[in-house]
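Note: the block below is final06.json and it holds JSON, C-alpha atoms and all ligand atoms.
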[["chain", "number", "residue", "atom", "x", "y", "z"],
["A", 671, "MET", "CA", 194.39, -17.69, -29.58],
["A", 672, "THR", "CA", 197.43, -15.70, -30.71],
["A", 673, "LYS", "CA", 197.20, -11.90, -30.62],
["A", 674, "LYS", "CA", 196.82, -10.13, -33.96],
["A", 675, "VAL", "CA", 200.04, -8.69, -35.42],
["A", 676, "ARG", "CA", 199.26, -4.97, -35.70],
["A", 677, "LYS", "CA", 202.64, -3.26, -35.64],
["A", 678, "ALA", "CA", 205.68, -3.44, -37.87],
["A", 679, "VAL", "CA", 209.17, -2.13, -37.28],
["A", 680, "PHE", "CA", 211.30, -0.95, -40.21],
["A", 681, "PRO", "CA", 214.95, -0.54, -39.22],
["A", 682, "VAL", "CA", 216.13, 2.11, -41.68],
["A", 683, "GLY", "CA", 219.10, 3.62, -39.85],
["A", 684, "GLY", "CA", 221.82, 1.83, -41.83],
["A", 685, "LEU", "CA", 224.46, 3.78, -43.73],
["A", 686, "GLY", "CA", 224.22, 1.96, -47.05],
["A", 687, "THR", "CA", 227.98, 1.92, -47.55],
["A", 688, "ARG", "CA", 227.71, -0.81, -50.19],
["A", 689, "PHE", "CA", 225.83, 1.65, -52.42],
["A", 690, "LEU", "CA", 228.09, 4.67, -52.21],
["A", 691, "PRO", "CA", 228.10, 7.16, -53.85],
["A", 692, "ALA", "CA", 224.32, 6.77, -54.47],
["A", 693, "THR", "CA", 223.65, 6.70, -50.74],
["A", 694, "LYS", "CA", 225.91, 9.61, -49.77],
["A", 695, "ALA", "CA", 223.00, 12.05, -49.41],
["A", 696, "MET", "CA", 220.07, 9.67, -49.91],
["A", 697, "PRO", "CA", 218.88, 6.83, -47.67],
["A", 698, "LYS", "CA", 219.53, 3.42, -49.23],
["A", 699, "GLU", "CA", 215.88, 2.54, -48.59],
["A", 700, "MET", "CA", 214.94, 5.23, -51.15],
["A", 701, "LEU", "CA", 216.74, 3.40, -53.97],
["A", 702, "PRO", "CA", 214.06, 2.67, -56.57],
["A", 703, "VAL", "CA", 213.28, -0.69, -58.05],
["A", 704, "VAL", "CA", 211.66, 0.28, -61.37],
["A", 705, "ASP", "CA", 209.86, 3.40, -60.07],
["A", 706, "LYS", "CA", 209.22, 2.72, -56.40],
["A", 707, "PRO", "CA", 211.61, 3.04, -53.45],
["A", 708, "LEU", "CA", 212.52, -0.11, -51.55],
["A", 709, "ILE", "CA", 210.88, 1.19, -48.38],
["A", 710, "GLN", "CA", 207.55, 1.61, -50.13],
["A", 711, "TYR", "CA", 207.56, -2.03, -51.22],
["A", 712, "ALA", "CA", 208.14, -3.01, -47.60],
["A", 713, "VAL", "CA", 205.39, -0.74, -46.27],
["A", 714, "GLU", "CA", 202.92, -1.97, -48.89],
["A", 715, "GLU", "CA", 203.78, -5.58, -48.00],
["A", 716, "ALA", "CA", 203.12, -4.85, -44.34],
["A", 717, "ARG", "CA", 199.84, -3.17, -45.15],
["A", 718, "ALA", "CA", 198.80, -6.18, -47.23],
["A", 719, "ALA", "CA", 199.47, -8.29, -44.12],
["A", 720, "GLY", "CA", 197.03, -6.22, -42.03],
["A", 721, "ILE", "CA", 199.62, -4.07, -40.24],
["A", 722, "GLU", "CA", 198.10, -0.93, -38.73],
["A", 723, "GLN", "CA", 201.11, 0.89, -37.33],
["A", 724, "PHE", "CA", 204.40, 1.43, -39.13],
["A", 725, "ILE", "CA", 207.37, 2.16, -36.89],
["A", 726, "PHE", "CA", 210.47, 3.53, -38.58],
["A", 727, "VAL", "CA", 213.74, 3.36, -36.70],
["A", 728, "THR", "CA", 215.71, 6.00, -38.57],
["A", 729, "GLY", "CA", 218.99, 7.85, -38.18],
["A", 730, "ARG", "CA", 220.67, 11.05, -39.24],
["A", 731, "GLY", "CA", 220.23, 11.95, -42.90],
["A", 732, "LYS", "CA", 217.09, 9.88, -43.34],
["A", 733, "GLY", "CA", 214.68, 12.80, -43.71],
["A", 734, "ALA", "CA", 213.77, 11.80, -47.28],
["A", 735, "LEU", "CA", 211.98, 8.76, -45.85],
["A", 736, "GLU", "CA", 209.69, 10.93, -43.74],
["A", 737, "ASP", "CA", 209.06, 13.25, -46.69],
["A", 738, "HIS", "CA", 208.19, 10.28, -48.87],
["A", 739, "PHE", "CA", 205.37, 9.25, -46.54],
["A", 740, "ASP", "CA", 204.00, 12.78, -46.24],
["A", 741, "HIS", "CA", 202.06, 15.13, -48.49],
["A", 742, "SER", "CA", 204.07, 17.12, -50.99],
["A", 743, "TYR", "CA", 201.97, 20.24, -51.38],
["A", 744, "GLU", "CA", 203.84, 21.91, -54.26],
["A", 745, "LEU", "CA", 203.85, 18.70, -56.28],
["A", 746, "GLU", "CA", 200.20, 17.94, -55.56],
["A", 747, "ASP", "CA", 199.13, 21.51, -56.37],
["A", 748, "THR", "CA", 200.97, 21.42, -59.66],
["A", 749, "LEU", "CA", 199.53, 18.02, -60.62],
["A", 750, "ARG", "CA", 196.05, 19.26, -59.73],
["A", 751, "ALA", "CA", 196.48, 22.46, -61.76],
["A", 752, "LYS", "CA", 197.62, 20.40, -64.73],
["A", 753, "ASN", "CA", 194.76, 17.90, -64.35],
["A", 754, "LYS", "CA", 197.13, 15.00, -63.86],
["A", 755, "ALA", "CA", 194.68, 12.96, -61.81],
["A", 756, "GLU", "CA", 196.38, 9.68, -62.58],
["A", 757, "PHE", "CA", 199.72, 10.85, -61.13],
["A", 758, "LEU", "CA", 197.96, 12.45, -58.20],
["A", 759, "ASP", "CA", 196.28, 9.18, -57.39],
["A", 760, "GLY", "CA", 199.63, 7.45, -57.82],
["A", 761, "ILE", "CA", 201.09, 9.44, -54.94],
["A", 762, "HIS", "CA", 197.96, 9.51, -52.78],
["A", 763, "SER", "CA", 196.64, 5.98, -52.75],
["A", 764, "TRP", "CA", 199.38, 4.56, -50.50],
["A", 765, "LEU", "CA", 199.97, 7.53, -48.18],
["A", 766, "PRO", "CA", 199.54, 6.62, -44.53],
["A", 767, "THR", "CA", 196.65, 8.14, -42.65],
["A", 768, "MET", "CA", 197.02, 10.30, -39.55],
["A", 769, "GLY", "CA", 199.14, 8.66, -36.87],
["A", 770, "GLU", "CA", 199.77, 5.41, -38.75],
["A", 771, "VAL", "CA", 203.50, 6.08, -39.03],
["A", 772, "VAL", "CA", 205.77, 6.58, -36.05],
["A", 773, "TYR", "CA", 209.41, 7.62, -36.26],
["A", 774, "THR", "CA", 212.12, 7.09, -33.72],
["A", 775, "ARG", "CA", 215.88, 7.38, -34.05],
["A", 776, "GLN", "CA", 218.60, 4.85, -33.53],
["A", 777, "MET", "CA", 221.14, 7.24, -32.10],
["A", 778, "GLN", "CA", 224.14, 4.94, -32.48],
["A", 779, "PRO", "CA", 224.85, 2.47, -35.30],
["A", 780, "ASN", "CA", 224.97, -0.51, -32.92],
["A", 781, "GLY", "CA", 223.37, -3.16, -35.10],
["A", 782, "LEU", "CA", 219.99, -4.65, -35.95],
["A", 783, "GLY", "CA", 219.24, -5.91, -32.43],
["A", 784, "HIS", "CA", 219.83, -2.42, -31.08],
["A", 785, "ALA", "CA", 217.63, -0.89, -33.82],
["A", 786, "VAL", "CA", 214.76, -3.19, -32.87],
["A", 787, "GLN", "CA", 215.29, -2.34, -29.20],
["A", 788, "CYS", "CA", 214.77, 1.34, -30.07],
["A", 789, "ALA", "CA", 211.12, 0.52, -30.88],
["A", 790, "ARG", "CA", 210.35, -1.33, -27.64],
["A", 791, "HIS", "CA", 208.22, 1.35, -26.00],
["A", 792, "ILE", "CA", 206.26, 1.96, -29.20],
["A", 793, "VAL", "CA", 205.59, -1.74, -29.71],
["A", 794, "GLY", "CA", 204.75, -2.48, -26.07],
["A", 795, "ASP", "CA", 203.64, -5.96, -25.10],
["A", 796, "GLU", "CA", 202.28, -7.49, -28.28],
["A", 797, "PRO", "CA", 203.59, -9.56, -31.19],
["A", 798, "PHE", "CA", 205.09, -7.43, -33.94],
["A", 799, "ALA", "CA", 206.75, -7.70, -37.32],
["A", 800, "VAL", "CA", 210.19, -6.57, -38.46],
["A", 801, "LEU", "CA", 210.84, -5.95, -42.15],
["A", 802, "LEU", "CA", 214.25, -5.26, -43.69],
["A", 803, "ALA", "CA", 213.58, -3.22, -46.81],
["A", 804, "ASP", "CA", 216.66, -4.38, -48.68],
["A", 805, "ASP", "CA", 215.30, -7.92, -48.75],
["A", 806, "LEU", "CA", 212.81, -7.46, -51.57],
["A", 807, "ILE", "CA", 210.54, -10.37, -52.40],
["A", 808, "LEU", "CA", 208.49, -10.87, -55.53],
["A", 809, "SER", "CA", 205.49, -13.02, -54.67],
["A", 810, "LYS", "CA", 201.82, -13.53, -55.45],
["A", 811, "THR", "CA", 200.82, -13.21, -51.80],
["A", 812, "ALA", "CA", 202.74, -10.69, -49.68],
["A", 813, "VAL", "CA", 205.31, -12.69, -47.71],
["A", 814, "LEU", "CA", 204.45, -11.01, -44.42],
["A", 815, "LYS", "CA", 200.81, -11.99, -45.01],
["A", 816, "GLN", "CA", 201.89, -15.60, -45.51],
["A", 817, "MET", "CA", 203.77, -15.34, -42.22],
["A", 818, "VAL", "CA", 200.93, -13.66, -40.31],
["A", 819, "ASP", "CA", 198.68, -16.56, -41.36],
["A", 820, "ALA", "CA", 201.27, -19.08, -40.16],
["A", 821, "HIS", "CA", 201.73, -17.12, -36.93],
["A", 822, "ALA", "CA", 197.99, -17.31, -36.23],
["A", 823, "GLU", "CA", 198.46, -21.12, -36.15],
["A", 824, "VAL", "CA", 201.76, -21.51, -34.32],
["A", 825, "GLY", "CA", 202.26, -18.25, -32.36],
["A", 826, "GLY", "CA", 205.63, -17.27, -30.86],
["A", 827, "ASN", "CA", 208.39, -16.31, -33.28],
["A", 828, "VAL", "CA", 208.04, -16.90, -37.00],
["A", 829, "ILE", "CA", 211.03, -15.90, -39.13],
["A", 830, "ALA", "CA", 211.40, -16.10, -42.91],
["A", 831, "VAL", "CA", 214.00, -18.61, -44.08],
["A", 832, "MET", "CA", 215.35, -19.88, -47.37],
["A", 833, "GLU", "CA", 218.04, -22.28, -48.41],
["A", 834, "VAL", "CA", 221.17, -20.55, -49.71],
["A", 835, "PRO", "CA", 224.39, -21.92, -51.24],
["A", 836, "HIS", "CA", 226.45, -23.30, -48.36],
["A", 837, "GLU", "CA", 229.33, -20.92, -49.11],
["A", 838, "HIS", "CA", 227.02, -17.94, -48.43],
["A", 839, "THR", "CA", 226.22, -18.73, -44.78],
["A", 840, "LYS", "CA", 228.62, -15.97, -43.71],
["A", 841, "ARG", "CA", 226.12, -13.37, -44.97],
["A", 842, "TYR", "CA", 223.13, -14.51, -42.90],
["A", 843, "GLY", "CA", 221.62, -15.64, -39.65],
["A", 844, "VAL", "CA", 221.58, -19.44, -39.99],
["A", 845, "LEU", "CA", 219.39, -21.95, -38.18],
["A", 846, "THR", "CA", 219.68, -25.43, -36.86],
["A", 847, "PRO", "CA", 216.49, -26.87, -38.30],
["A", 848, "GLY", "CA", 214.25, -29.23, -36.36],
["A", 849, "LYS", "CA", 210.98, -30.88, -37.36],
["A", 850, "GLN", "CA", 209.43, -29.60, -40.57],
["A", 851, "SER", "CA", 205.69, -29.41, -41.08],
["A", 852, "GLY", "CA", 204.49, -27.92, -44.36],
["A", 853, "LYS", "CA", 206.19, -24.55, -44.67],
["A", 854, "THR", "CA", 207.21, -24.24, -41.04],
["A", 855, "ILE", "CA", 210.47, -25.58, -39.62],
["A", 856, "GLU", "CA", 211.19, -25.76, -35.92],
["A", 857, "VAL", "CA", 214.16, -23.59, -34.93],
["A", 858, "LYS", "CA", 216.57, -25.52, -32.69],
["A", 859, "GLY", "CA", 219.48, -23.11, -32.90],
["A", 860, "LEU", "CA", 220.41, -19.78, -34.48],
["A", 861, "VAL", "CA", 223.77, -18.23, -35.22],
["A", 862, "GLU", "CA", 224.69, -14.97, -36.95],
["A", 863, "LYS", "CA", 226.91, -15.09, -40.02],
["A", 864, "PRO", "CA", 228.71, -18.41, -39.39],
["A", 865, "ASP", "CA", 231.63, -19.46, -41.52],
["A", 866, "PRO", "CA", 230.55, -22.25, -43.92],
["A", 867, "SER", "CA", 232.89, -24.60, -42.06],
["A", 868, "VAL", "CA", 230.80, -24.33, -38.88],
["A", 869, "ALA", "CA", 227.35, -23.37, -40.23],
["A", 870, "PRO", "CA", 224.66, -25.67, -38.78],
["A", 871, "SER", "CA", 222.74, -25.77, -42.10],
["A", 872, "ASN", "CA", 222.14, -23.71, -45.22],
["A", 873, "TYR", "CA", 218.78, -22.38, -43.96],
["A", 874, "ALA", "CA", 219.30, -18.61, -43.91],
["A", 875, "VAL", "CA", 217.18, -16.01, -42.14],
["A", 876, "ILE", "CA", 215.64, -13.48, -44.54],
["A", 877, "GLY", "CA", 214.53, -10.03, -43.39],
["A", 878, "ARG", "CA", 210.94, -10.77, -42.33],
["A", 879, "TYR", "CA", 210.24, -11.58, -38.70],
["A", 880, "ILE", "CA", 207.17, -11.91, -36.50],
["A", 881, "LEU", "CA", 208.36, -11.74, -32.93],
["A", 882, "ASP", "CA", 207.07, -12.21, -29.43],
["A", 883, "ALA", "CA", 207.52, -9.02, -27.37],
["A", 884, "SER", "CA", 209.75, -10.91, -24.92],
["A", 885, "VAL", "CA", 212.54, -10.39, -27.49],
["A", 886, "PHE", "CA", 213.07, -6.92, -25.97],
["A", 887, "ALA", "CA", 213.95, -8.31, -22.55],
["A", 888, "GLU", "CA", 216.23, -10.89, -24.17],
["A", 889, "LEU", "CA", 218.05, -8.22, -26.17],
["A", 890, "ASP", "CA", 218.90, -6.49, -22.87],
["A", 891, "HIS", "CA", 221.24, -9.41, -22.20],
["A", 892, "VAL", "CA", 222.91, -9.49, -25.60],
["A", 893, "GLY", "CA", 226.40, -8.05, -25.93],
["A", 894, "LYS", "CA", 228.30, -7.27, -29.09],
["A", 895, "GLY", "CA", 228.24, -10.18, -31.52],
["A", 896, "ALA", "CA", 229.20, -10.68, -35.18],
["A", 897, "GLY", "CA", 230.74, -7.51, -36.64],
["A", 898, "GLY", "CA", 230.94, -5.95, -33.16],
["A", 899, "GLU", "CA", 227.20, -5.22, -33.28],
["A", 900, "ILE", "CA", 224.19, -6.11, -31.15],
["A", 901, "GLN", "CA", 222.61, -8.77, -33.31],
["A", 902, "LEU", "CA", 218.89, -9.50, -33.43],
["A", 903, "THR", "CA", 219.82, -13.11, -34.15],
["A", 904, "ASP", "CA", 221.56, -13.37, -30.76],
["A", 905, "GLY", "CA", 218.45, -12.08, -28.98],
["A", 906, "LEU", "CA", 216.32, -14.57, -30.90],
["A", 907, "ALA", "CA", 218.65, -17.45, -30.07],
["A", 908, "ARG", "CA", 217.94, -16.81, -26.38],
["A", 909, "MET", "CA", 214.22, -17.41, -27.00],
["A", 910, "ILE", "CA", 214.60, -20.97, -28.25],
["A", 911, "GLY", "CA", 212.75, -23.27, -25.89],
["A", 912, "LYS", "CA", 210.92, -20.35, -24.24],
["A", 913, "VAL", "CA", 208.37, -19.51, -26.97],
["A", 914, "PRO", "CA", 207.23, -21.51, -30.01],
["A", 915, "PHE", "CA", 209.86, -20.75, -32.65],
["A", 916, "HIS", "CA", 209.57, -21.53, -36.34],
["A", 917, "GLY", "CA", 211.30, -20.75, -39.60],
["A", 918, "PHE", "CA", 208.92, -20.17, -42.47],
["A", 919, "SER", "CA", 209.77, -21.16, -46.07],
["A", 920, "PHE", "CA", 207.88, -18.47, -47.91],
["A", 921, "GLU", "CA", 206.58, -18.55, -51.45],
["A", 922, "GLY", "CA", 208.33, -15.95, -53.55],
["A", 923, "THR", "CA", 211.66, -14.91, -55.03],
["A", 924, "ARG", "CA", 213.90, -12.89, -52.78],
["A", 925, "PHE", "CA", 216.41, -10.32, -54.00],
["A", 926, "ASP", "CA", 219.22, -8.93, -51.87],
["A", 927, "CYS", "CA", 218.91, -5.26, -52.73],
["A", 928, "GLY", "CA", 221.70, -4.39, -50.31],
["A", 929, "ASP", "CA", 224.00, -5.84, -52.95],
["A", 930, "LYS", "CA", 224.60, -4.33, -56.40],
["A", 931, "ILE", "CA", 224.00, -7.52, -58.37],
["A", 932, "GLY", "CA", 220.91, -8.41, -56.33],
["A", 933, "PHE", "CA", 219.59, -4.91, -56.83],
["A", 934, "LEU", "CA", 220.08, -5.02, -60.61],
["A", 935, "HIS", "CA", 218.47, -8.46, -60.70],
["A", 936, "ALA", "CA", 215.48, -7.15, -58.73],
["A", 937, "ASN", "CA", 215.03, -4.30, -61.18],
["A", 938, "MET", "CA", 214.90, -6.75, -64.06],
["A", 939, "ALA", "CA", 212.53, -9.17, -62.35],
["A", 940, "PHE", "CA", 210.16, -6.45, -61.16],
["A", 941, "ALA", "CA", 210.19, -4.72, -64.56],
["A", 942, "LEU", "CA", 209.32, -8.01, -66.27],
["A", 943, "ASP", "CA", 206.50, -8.47, -63.75],
["A", 944, "ARG", "CA", 204.94, -5.12, -64.70],
["A", 945, "ALA", "CA", 202.24, -5.38, -67.36],
["A", 946, "ASP", "CA", 202.83, -1.77, -68.49],
["A", 947, "ILE", "CA", 206.51, -2.17, -69.41],
["A", 948, "ARG", "CA", 207.13, -5.90, -69.66],
["A", 949, "LYS", "CA", 207.10, -6.17, -73.45],
["A", 950, "GLU", "CA", 209.25, -3.18, -74.18],
["A", 951, "PHE", "CA", 211.74, -4.09, -71.46],
["A", 952, "ALA", "CA", 211.96, -7.71, -72.63],
["A", 953, "ASP", "CA", 213.01, -6.37, -76.06],
["A", 954, "VAL", "CA", 215.73, -4.31, -74.41],
["A", 955, "LEU", "CA", 216.96, -7.33, -72.47],
["A", 956, "ARG", "CA", 217.08, -9.44, -75.64],
["A", 957, "GLN", "CA", 219.13, -6.73, -77.35],
["A", 958, "VAL", "CA", 221.51, -6.53, -74.43],
["A", 959, "ALA", "CA", 221.81, -10.33, -74.23],
["A", 960, "GLY", "CA", 222.69, -10.37, -77.93],
["A", 961, "THR", "CA", 225.75, -8.22, -77.21],
["A", 962, "LEU", "CA", 227.15, -10.49, -74.48],
["B", 1001, "LIG", "C1", 220.55, -9.15, -41.31],
["B", 1001, "LIG", "C2", 220.45, -10.16, -40.15],
["B", 1001, "LIG", "C3", 220.73, -11.55, -40.66],
["B", 1001, "LIG", "C4", 219.79, -11.88, -41.81],
["B", 1001, "LIG", "C5", 219.92, -10.81, -42.92],
["B", 1001, "LIG", "C6", 218.87, -11.05, -44.00],
["B", 1001, "LIG", "O1", 221.90, -9.07, -41.72],
["B", 1001, "LIG", "O2", 221.38, -9.79, -39.16],
["B", 1001, "LIG", "O3", 220.54, -12.48, -39.64],
["B", 1001, "LIG", "O4", 220.10, -13.16, -42.34],
["B", 1001, "LIG", "O5", 219.72, -9.50, -42.38],
["B", 1001, "LIG", "O6", 219.05, -10.15, -45.06],
["B", 1001, "LIG", "P1", 222.49, -7.86, -42.61],
["B", 1001, "LIG", "O7", 222.11, -8.19, -44.04],
["B", 1001, "LIG", "O8", 221.84, -6.62, -42.13],
["B", 1001, "LIG", "O9", 223.96, -7.90, -42.41]]

As structure tokens, the full file:
Amino acid sequence: MTKKVRKAVFPVGGLGTRFLPATKAMPKEMLPVVDKPLIQYAVEEARAAGIEQFIFVTGRGKGALEDHFDHSYELEDTLRAKNKAEFLDGIHSWLPTMGEVVYTRQMQPNGLGHAVQCARHIVGDEPFAVLLADDLILSKTAVLKQMVDAHAEVGGNVIAVMEVPHEHTKRYGVLTPGKQSGKTIEVKGLVEKPDPSVAPSNYAVIGRYILDASVFAELDHVGKGAGGEIQLTDGLARMIGKVPFHGFSFEGTRFDCGDKIGFLHANMAFALDRADIRKEFADVLRQVAGTL
């Protein structure tokens, strides 16, 4: 029997340089897709997967994230006084309950592996999830839920993967795929951001992971990798052959919201998925398309 996945880590310490000036004074995870910040999509996805504790690895200037997951007394008072119950519910229904959210700081920008390491004492010795908020996925069933279900079968590490154009391997962790069974693919090798000329496949790692706690000990042995940073991928590569290790081809459409075009695309796709604005927005899109 595999242990239940109860905790999720959200590395949110990144600087968001690709979105300057928007991210000069605002965390990139607060960028809204339609009317909801990226981080809230990620937290809601984790909740839908049965996660009970949400661990944010933050950094300087990320206070807005903590405020977002807290009460806002002035706003709530005003909404109450004006009888705006619908809006009040809209900001209450997803608020975490006491102690569900834990914050810790990544004190140096040393990479994703280092950010995950910062959560080691909060996670302890149990399987946990990692979600990267700028990978936003539109799906019927929350992707992390799909992965938790797969993890209950196979255990070990389960990481989200998708096929990408070969020339894009330099943007991702890339795996050497082994035997495939349904949606799971055995991971035989892993390398961070390989040049297309040496990439072992076009199966890219997407920002959803369920990891065995032994990753923390492995990360202790990882030095600076791609981009001069401590890469999670390098820690994971050390686990191949030690724990069951699978890629998971999720159902859903993934948008790279760390990239301007991906972010704009996500806004369109999520707007068209919303019953309340779909029709009106589709008209706008048709108008715009007519001017191209
Ligand atoms: C990170 C990981 C990479 C993964 C990617 C998915 O890279 O290091 O392995 O493929 O997320 O979005 P980053 O996008 O932070 O450079």

- Item | Counting only C-alpha atoms, the option among A:Thr923, A:Pro681, A:Asp953, A:Tyr879 closest to Ser809 of chain A | A:Thr923

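With the cut-off set to 6 Å and only C-alpha atoms and all ligand atoms counted, the residues surrounding ligand LIG 1001 (chain B) are Asp805, Tyr842, Gly843, Glu862, Ala874, Val875, Ile876, Gly877 and Thr903 of chain A.
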
- Note on the structure: In Å and to one decimal, atom CA of Leu962 of chain A is distant from atom CA of Ala939 of chain A by 19.0 Å

- Query: Mind pulling up the distance from atom CA of Val828 of chain A to atom CA of Phe724 of chain A?
  - Reply: 18.8 Å

- Item | Pairwise distance for atom CA of Thr693 of chain A and atom CA of Val834 of chain A, rounded to one decimal in Å | 27.4 Å

- Counting all atoms listed in the file, which of A:Leu802, A:Cys788, A:Thr672, A:His891 gets nearest to Ala822 of chain A?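 Closest to Ala822 of chain A of all the choices is A:Thr672.
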
- Which residue of A:Ile910, A:Glu699, A:Phe689, A:His738 approaches Ile931 of chain A most closely, using all atoms listed in the file: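 When distances to Ile931 of chain A are compared using all atoms listed in the file, the smallest one comes from A:Phe689.
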
- Message: So that I can check the surroundings of Asn872 of chain A, please list as a VMD selection string every protein, DNA and RNA residue that reaches within 9 Å of it, counting all atoms listed in the file and ignoring chain neighbours fewer than 2 positions away.
- Response: chain A and resid 832 to 839 844 to 846 866 869 to 870 874

- Message: From (197.9, -2.1, -34.0), in the file's coordinates, out to 8 Å: which residues are reached, counting only C-alpha atoms? Answer as number ranges by chain.
- Response: A: 675-677, 721-723

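For the set A:Lys853, A:Arg956, A:Lys698, A:Arg790, the residue with the smallest atom-to-atom gap to Asp819 of chain A is A:Lys853, counting all atoms listed in the file.
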
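All residues that come within 10 Å of the coordinates (220.6, 5.4, -36.3), counting all atoms listed in the file, are given as Pro681, Val682, Gly683, Gly684, Leu685, Val727, Thr728, Gly729, Arg730, Gly731, Lys732, Thr774, Arg775, Gln776, Met777, Gln778, Pro779, Asn780, Gly781, His784, Ala785 and Cys788 of chain A.
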
- Query: Which of these residues is nearest to Asp890 of chain A, using all atoms listed in the file: A:Leu701, A:Ile709, A:Ile807, A:Val786?
  - Reply: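 Checking each candidate against Asp890 of chain A, we get A:Val786 as the closest.
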
- Task: Tell me, as a list in words, which residues lie within 12 Å of Trp764 of chain A, counting all atoms listed in the file; anything in the same chain fewer than 4 positions away does not count.
- Result: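 Listed by chain and then number, they are Lys706, Gln710, Tyr711, Ala712, Val713, Glu714, Glu715, Ala716, Arg717, Ala718, His738, Phe739, Asp740, His741, Leu758, Asp759, Gly760 and Glu770 of chain A.
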
- Item | Selected residue of minimal separation from Phe920 of chain A among A:Leu735, A:Ala719, A:Met768, A:Val813, counting all atoms listed in the file |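 Closest to Phe920 of chain A of all the choices is A:Val813.
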
Would you mind writing segment 847-858 of chain A with N, CA, C and O atoms, as a CSV table (one decimal), in the coordinates of the input?
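Output contents, as saved in result-v3.csv:
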chain,number,residue,atom,x,y,z
A,847,PRO,N,217.9,-26.5,-38.1
A,847,PRO,CA,216.5,-26.9,-38.3
A,847,PRO,C,216.1,-28.1,-37.5
A,847,PRO,O,216.9,-29.0,-37.3
A,848,GLY,N,214.8,-28.1,-37.0
A,848,GLY,CA,214.2,-29.2,-36.4
A,848,GLY,C,213.2,-29.8,-37.2
A,848,GLY,O,213.3,-29.9,-38.5
A,849,LYS,N,212.1,-30.2,-36.6
A,849,LYS,CA,211.0,-30.9,-37.4
A,849,LYS,C,210.3,-29.9,-38.4
A,849,LYS,O,210.1,-28.8,-38.0
A,850,GLN,N,210.1,-30.4,-39.5
A,850,GLN,CA,209.4,-29.6,-40.6
A,850,GLN,C,208.0,-30.0,-40.7
A,850,GLN,O,207.7,-31.2,-40.7
A,851,SER,N,207.1,-29.1,-40.9
A,851,SER,CA,205.7,-29.4,-41.1
A,851,SER,C,205.1,-28.4,-42.1
A,851,SER,O,204.9,-27.2,-41.7
A,852,GLY,N,204.9,-28.9,-43.3
A,852,GLY,CA,204.5,-27.9,-44.4
A,852,GLY,C,205.6,-26.9,-44.6
A,852,GLY,O,206.7,-27.2,-44.8
A,853,LYS,N,205.2,-25.6,-44.4
A,853,LYS,CA,206.2,-24.6,-44.7
A,853,LYS,C,206.9,-24.1,-43.4
A,853,LYS,O,207.8,-23.3,-43.4
A,854,THR,N,206.5,-24.7,-42.3
A,854,THR,CA,207.2,-24.2,-41.0
A,854,THR,C,208.3,-25.3,-40.6
A,854,THR,O,208.1,-26.5,-40.8
A,855,ILE,N,209.4,-24.7,-40.1
A,855,ILE,CA,210.5,-25.6,-39.6
A,855,ILE,C,210.8,-25.1,-38.2
A,855,ILE,O,211.0,-23.9,-38.0
A,856,GLU,N,210.8,-26.1,-37.3
A,856,GLU,CA,211.2,-25.8,-35.9
A,856,GLU,C,212.6,-25.2,-35.9
A,856,GLU,O,213.5,-25.7,-36.5
A,857,VAL,N,212.8,-24.1,-35.1
A,857,VAL,CA,214.2,-23.6,-34.9
A,857,VAL,C,214.8,-24.2,-33.7
A,857,VAL,O,214.3,-23.9,-32.6
A,858,LYS,N,215.9,-24.9,-33.8
A,858,LYS,CA,216.6,-25.5,-32.7
A,858,LYS,C,217.8,-24.7,-32.3
A,858,LYS,O,218.3,-24.9,-31.2
